[in-house]
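Source file: my_file.cif; contents: mmCIF, C-alpha atoms and all ligand atoms.
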```cif
data_protein
#
loop_
_atom_site.label_atom_id
_atom_site.label_comp_id
_atom_site.auth_asym_id
_atom_site.auth_seq_id
_atom_site.Cartn_x
_atom_site.Cartn_y
_atom_site.Cartn_z
CA MET A 17 194.48 77.47 171.35
CA THR A 18 197.12 77.37 174.07
CA LYS A 19 199.52 80.17 173.35
CA LYS A 20 203.24 79.45 173.62
CA ARG A 21 204.94 81.51 176.29
CA VAL A 22 207.86 83.44 174.83
CA GLY A 23 210.87 84.96 176.55
CA ILE A 24 212.81 87.62 174.65
CA LEU A 25 216.46 88.29 175.43
CA ILE A 26 217.73 91.78 174.66
CA SER A 27 220.78 93.95 175.29
CA GLY A 28 219.71 97.32 173.90
CA ARG A 29 217.12 99.26 171.96
CA GLY A 30 214.59 96.46 171.62
CA SER A 31 212.89 97.41 168.36
CA ASN A 32 212.58 93.76 167.30
CA MET A 33 211.26 92.96 170.76
CA ALA A 34 208.65 95.70 170.28
CA ALA A 35 207.66 94.23 166.90
CA LEU A 36 207.12 90.83 168.54
CA ILE A 37 205.10 92.35 171.39
CA GLU A 38 202.96 94.21 168.87
CA ALA A 39 202.31 91.10 166.76
CA ALA A 40 201.44 89.08 169.85
CA ARG A 41 198.68 91.53 170.76
CA ASP A 42 196.55 89.89 168.08
CA ALA A 43 194.17 87.44 169.75
CA ASN A 44 194.87 84.93 166.98
CA TYR A 45 198.65 85.06 167.33
CA PRO A 46 199.83 81.68 168.66
CA ALA A 47 202.35 83.07 171.15
CA GLU A 48 202.35 85.55 174.01
CA ILE A 49 205.37 87.54 175.13
CA ALA A 50 205.58 86.55 178.78
CA LEU A 51 209.01 87.90 179.73
CA VAL A 52 211.79 90.18 178.52
CA ILE A 53 215.26 89.71 180.00
CA SER A 54 218.14 92.11 179.47
CA ASN A 55 221.75 91.44 180.38
CA ARG A 56 222.25 95.22 180.53
CA PRO A 57 220.40 97.21 183.21
CA GLU A 58 220.45 100.34 181.04
CA ALA A 59 218.92 98.72 177.92
CA PRO A 60 216.22 101.09 176.56
CA GLY A 61 214.15 98.07 175.55
CA LEU A 62 213.34 97.36 179.20
CA ALA A 63 211.23 100.50 179.53
CA ARG A 64 209.47 99.74 176.25
CA ALA A 65 208.57 96.25 177.48
CA HIS A 66 207.40 97.59 180.82
CA GLU A 67 205.19 100.19 179.13
CA ALA A 68 203.67 97.40 177.06
CA GLY A 69 202.80 95.53 180.24
CA VAL A 70 205.34 92.73 179.77
CA ALA A 71 207.25 91.34 182.76
CA THR A 72 210.93 92.29 182.69
CA ALA A 73 214.07 91.07 184.41
CA VAL A 74 217.70 92.13 184.41
CA ILE A 75 220.41 89.51 184.67
CA ASP A 76 223.57 91.56 184.52
CA HIS A 77 226.38 89.44 183.08
CA THR A 78 229.01 91.65 184.69
CA ALA A 79 227.84 90.46 188.12
CA PHE A 80 229.08 86.98 187.22
CA GLY A 81 232.56 88.06 186.16
CA ALA A 82 234.11 85.50 183.84
CA ASP A 83 231.72 82.76 184.98
CA ARG A 84 229.68 82.43 181.81
CA GLY A 85 228.08 79.22 183.10
CA ALA A 86 226.72 80.90 186.24
CA PHE A 87 225.28 83.75 184.16
CA GLU A 88 223.54 81.28 181.87
CA ARG A 89 222.21 79.16 184.74
CA ALA A 90 220.63 82.33 186.17
CA LEU A 91 219.15 83.14 182.76
CA HIS A 92 217.82 79.62 182.37
CA ALA A 93 216.32 79.57 185.88
CA LYS A 94 214.50 82.84 185.20
CA LEU A 95 213.06 81.47 181.96
CA LEU A 96 211.88 78.31 183.74
CA GLN A 97 210.42 80.34 186.60
CA HIS A 98 208.21 82.12 184.04
CA ARG A 99 207.29 78.80 182.34
CA ILE A 100 208.79 79.95 179.05
CA ASP A 101 208.32 77.64 176.05
CA LEU A 102 210.22 79.54 173.35
CA VAL A 103 213.11 82.01 173.42
CA CYS A 104 213.75 84.84 170.95
CA LEU A 105 217.12 86.56 170.87
CA ALA A 106 216.59 90.16 169.76
CA GLY A 107 219.80 92.15 169.76
CA PHE A 108 221.16 90.01 172.61
CA MET A 109 224.89 90.66 172.54
CA ARG A 110 226.23 87.70 174.52
CA ARG A 111 227.56 84.52 172.99
CA LEU A 112 225.78 81.50 174.40
CA THR A 113 227.53 78.27 175.40
CA PRO A 114 226.59 74.88 173.95
CA TRP A 115 225.03 74.04 177.33
CA PHE A 116 222.49 76.89 177.14
CA VAL A 117 221.85 76.27 173.45
CA SER A 118 221.14 72.59 174.16
CA GLN A 119 218.59 73.51 176.85
CA TRP A 120 216.61 75.39 174.19
CA ASN A 121 217.44 73.23 171.22
CA GLY A 122 214.81 73.78 168.53
CA ARG A 123 213.02 76.31 170.73
CA MET A 124 215.27 79.37 170.33
CA LEU A 125 215.42 81.83 167.44
CA ASN A 126 217.78 84.68 166.59
CA ILE A 127 217.53 87.55 164.13
CA HIS A 128 220.59 88.60 162.20
CA PRO A 129 220.88 91.64 159.90
CA SER A 130 222.22 89.93 156.79
CA LEU A 131 221.31 87.35 154.19
CA LEU A 132 222.88 84.44 156.03
CA PRO A 133 225.07 82.53 155.40
CA GLN A 134 226.61 85.75 154.05
CA PHE A 135 227.95 88.29 156.52
CA LYS A 136 227.90 86.50 159.82
CA GLY A 137 229.12 88.54 162.78
CA LEU A 138 229.08 92.25 163.55
CA ASP A 139 228.95 95.43 161.43
CA THR A 140 227.03 93.78 158.62
CA HIS A 141 225.82 97.03 157.01
CA ARG A 142 229.33 98.49 156.78
CA ARG A 143 230.72 95.25 155.38
CA VAL A 144 227.93 94.97 152.80
CA LEU A 145 228.67 98.51 151.59
CA GLU A 146 232.41 97.81 151.47
CA THR A 147 232.00 94.72 149.33
CA GLY A 148 229.62 96.43 146.90
CA ALA A 149 226.88 93.82 147.29
CA THR A 150 223.67 94.81 145.53
CA ARG A 151 221.30 93.04 147.93
CA HIS A 152 221.16 92.88 151.68
CA GLY A 153 218.57 91.71 154.18
CA ALA A 154 217.75 89.92 157.38
CA THR A 155 217.43 86.33 158.55
CA VAL A 156 215.65 84.58 161.41
CA HIS A 157 217.27 81.26 162.24
CA PHE A 158 217.31 78.57 164.89
CA VAL A 159 220.13 79.04 167.36
CA VAL A 160 222.75 76.31 167.27
CA ALA A 161 226.12 76.17 168.99
CA ASP A 162 227.90 78.01 166.15
CA VAL A 163 227.21 81.75 166.05
CA ASP A 164 224.89 82.99 163.25
CA ALA A 165 224.48 79.47 161.93
CA GLY A 166 221.48 77.15 162.18
CA PRO A 167 218.51 76.44 159.95
CA ILE A 168 216.76 79.44 158.48
CA VAL A 169 213.13 80.06 159.40
CA ALA A 170 212.57 83.35 157.56
CA GLN A 171 214.63 85.59 155.33
CA ASP A 172 213.96 88.56 153.07
CA SER A 173 216.11 90.95 151.10
CA VAL A 174 216.23 94.63 150.16
CA PRO A 175 218.26 96.42 147.48
CA VAL A 176 221.43 98.29 148.33
CA LEU A 177 220.93 101.69 146.70
CA ALA A 178 223.45 104.16 145.30
CA GLY A 179 224.29 106.69 147.99
CA ASP A 180 223.34 104.35 150.85
CA THR A 181 225.08 104.93 154.14
CA GLU A 182 225.22 102.46 157.02
CA ALA A 183 222.32 104.34 158.57
CA THR A 184 220.03 104.31 155.51
CA LEU A 185 220.79 100.67 154.84
CA ALA A 186 220.26 99.70 158.48
CA ARG A 187 216.87 101.42 158.44
CA ARG A 188 215.77 99.55 155.32
CA VAL A 189 216.93 96.22 156.77
CA LEU A 190 215.28 96.93 160.11
CA GLU A 191 211.90 97.17 158.39
CA VAL A 192 212.49 93.66 157.08
CA GLU A 193 213.51 92.47 160.55
CA HIS A 194 210.33 93.80 162.11
CA ARG A 195 208.24 92.08 159.45
CA ILE A 196 209.88 88.65 159.36
CA TYR A 197 210.54 88.04 163.08
CA PRO A 198 206.83 87.87 164.01
CA LEU A 199 206.24 85.56 161.02
CA ALA A 200 209.05 83.24 162.06
CA LEU A 201 207.93 83.09 165.68
CA ARG A 202 204.39 82.34 164.53
CA ASP A 203 205.66 79.44 162.41
CA LEU A 204 207.67 78.06 165.32
CA ALA A 205 204.76 78.41 167.75
CA LEU A 206 202.46 76.59 165.34
CA GLY A 207 204.99 73.80 164.79
CA ARG A 208 205.36 74.76 161.12
CA ALA A 209 209.06 75.40 161.59
CA SER A 210 211.24 72.91 163.38
CA LEU A 211 214.94 72.32 163.73
CA ALA A 212 214.55 68.76 162.48
CA SER A 213 212.51 69.57 159.39
CA SER A 214 214.36 72.70 158.29
CA THR A 215 216.54 71.92 155.36
CA ARG A 216 218.15 75.24 154.62
CA HIS A 217 221.16 75.98 156.72
CA ALA A 218 222.74 79.29 157.47
CA GLY A 219 226.17 77.84 157.92
C1 LIG B 1 219.12 94.17 165.02
O1 LIG B 1 219.66 94.68 163.84
C2 LIG B 1 219.28 92.67 165.06
O2 LIG B 1 219.18 92.06 163.81
C3 LIG B 1 220.68 92.53 165.60
O3 LIG B 1 220.80 93.55 166.55
C4 LIG B 1 219.91 94.61 166.23
C5 LIG B 1 219.02 94.79 167.43
O4 LIG B 1 218.15 95.87 167.29
N1 LIG B 1 220.88 91.19 166.10
P1 LIG B 1 216.94 96.02 168.26
O5 LIG B 1 217.50 96.01 169.70
O6 LIG B 1 215.99 94.89 168.03
O7 LIG B 1 216.32 97.35 167.95
#
```
Represent the structure of the file as structure tokens.
Ligand code: GRF
Amino acid sequence: MTKKRVGILISGRGSNMAALIEAARDANYPAEIALVISNRPEAPGLARAHEAGVATAVIDHTAFGADRGAFERALHAKLLQHRIDLVCLAGFMRRLTPWFVSQWNGRMLNIHPSLLPQFKGLDTHRRVLETGATRHGATVHFVVADVDAGPIVAQDSVPVLAGDTEATLARRVLEVEHRIYPLALRDLALGRASLASSTRHAG
């Protein structure tokens, strides 16, 4: 089995990144985490990746000013340099242009903390509590030009419990995230999930 080489893009803590690294330790897992890139030099996830023996890189978006294209060309070049096959966004807090998305069309996943297509965007846990929804969850989806849209690869839900705060709800959802992201990446690496064959859409 030739393992797919995966690049993970992060901006912060990197707990989903860590879950992917952990899953990929299994000799039978069809992908290896070959590179972690952060757009923020201070992202705690960088140290976690380094400790796990994964190559890391920082491409600081602030160095490119308003030139989003130049930032993305640098990102893309780094991914190519490491012969990356698949990209996982894991708490990567930059919007990507249609150009970058098209370079990785069908080969890039994102994880979002809601039951898409509900609650796209930020602050999902607060908004779920405000609306009184009884279920919440997480979704892994292909990245398309529209934010938090694109065919769903994996999704699972948890109950919203009486007395939940943003923090308790986030913790419950994060457990789902850490479980479904490795499953979704496995399906993509094995060719069981594809942009063309996915019928469910998150938007
Ligand atoms: C996660 O909740 C993820 O769904 C969202 O950002 C958060 C990142 O957390 N996109 P972590 O950096 O993976 O710990």
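Each of A:Ala34, A:Leu145, A:Val160, A:Ile168 was checked against Ala106 in chain A using only C-alpha atoms; the smallest atom-to-atom distance is that of A:Ala34.
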Coordinates-based distance that separates CA of Ser31 in chain A from atom P1 of ligand LIG 1 (chain B) (Å, one decimal): 4.3 Å
Distance in Å - CA of Leu62 in chain A versus CA of Asn126 in chain A: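 So the answer is 18.4 Å.
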Near-ligand residues for ligand LIG 1 (chain B), threshold 10 Å, all atoms listed in the file, as number ranges by chain: A: 25-36, 59-61, 105-109, 126-130, 137-141, 153-156, 164, 186-187, 189-194, 197
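Between CA of Thr150 in chain A and CA of Asp162 in chain A lies a distance of 26.9 Å.
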Can you tell me, as lines of an AutoDock Vina configuration file, the centre and edge lengths (Å, one decimal) of the axis-aligned box enclosing all of range 26-40 of chain A's listed atoms after padding each side by 6 Å?
```
center_x = 211.1
center_y = 94.2
center_z = 171.0
size_x = 31.3
size_y = 22.2
size_z = 20.5
```
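If only C-alpha atoms are the atoms counted, then among A:Pro198, A:Gly207, A:Gly23, A:Gly148 the closest residue to Asp180 in chain A is A:Gly148.
Among the candidates A:His66, A:Arg123, A:His98, A:Lys136, the one nearest to Ala205 in chain A when counting only C-alpha atoms is A:Arg123.
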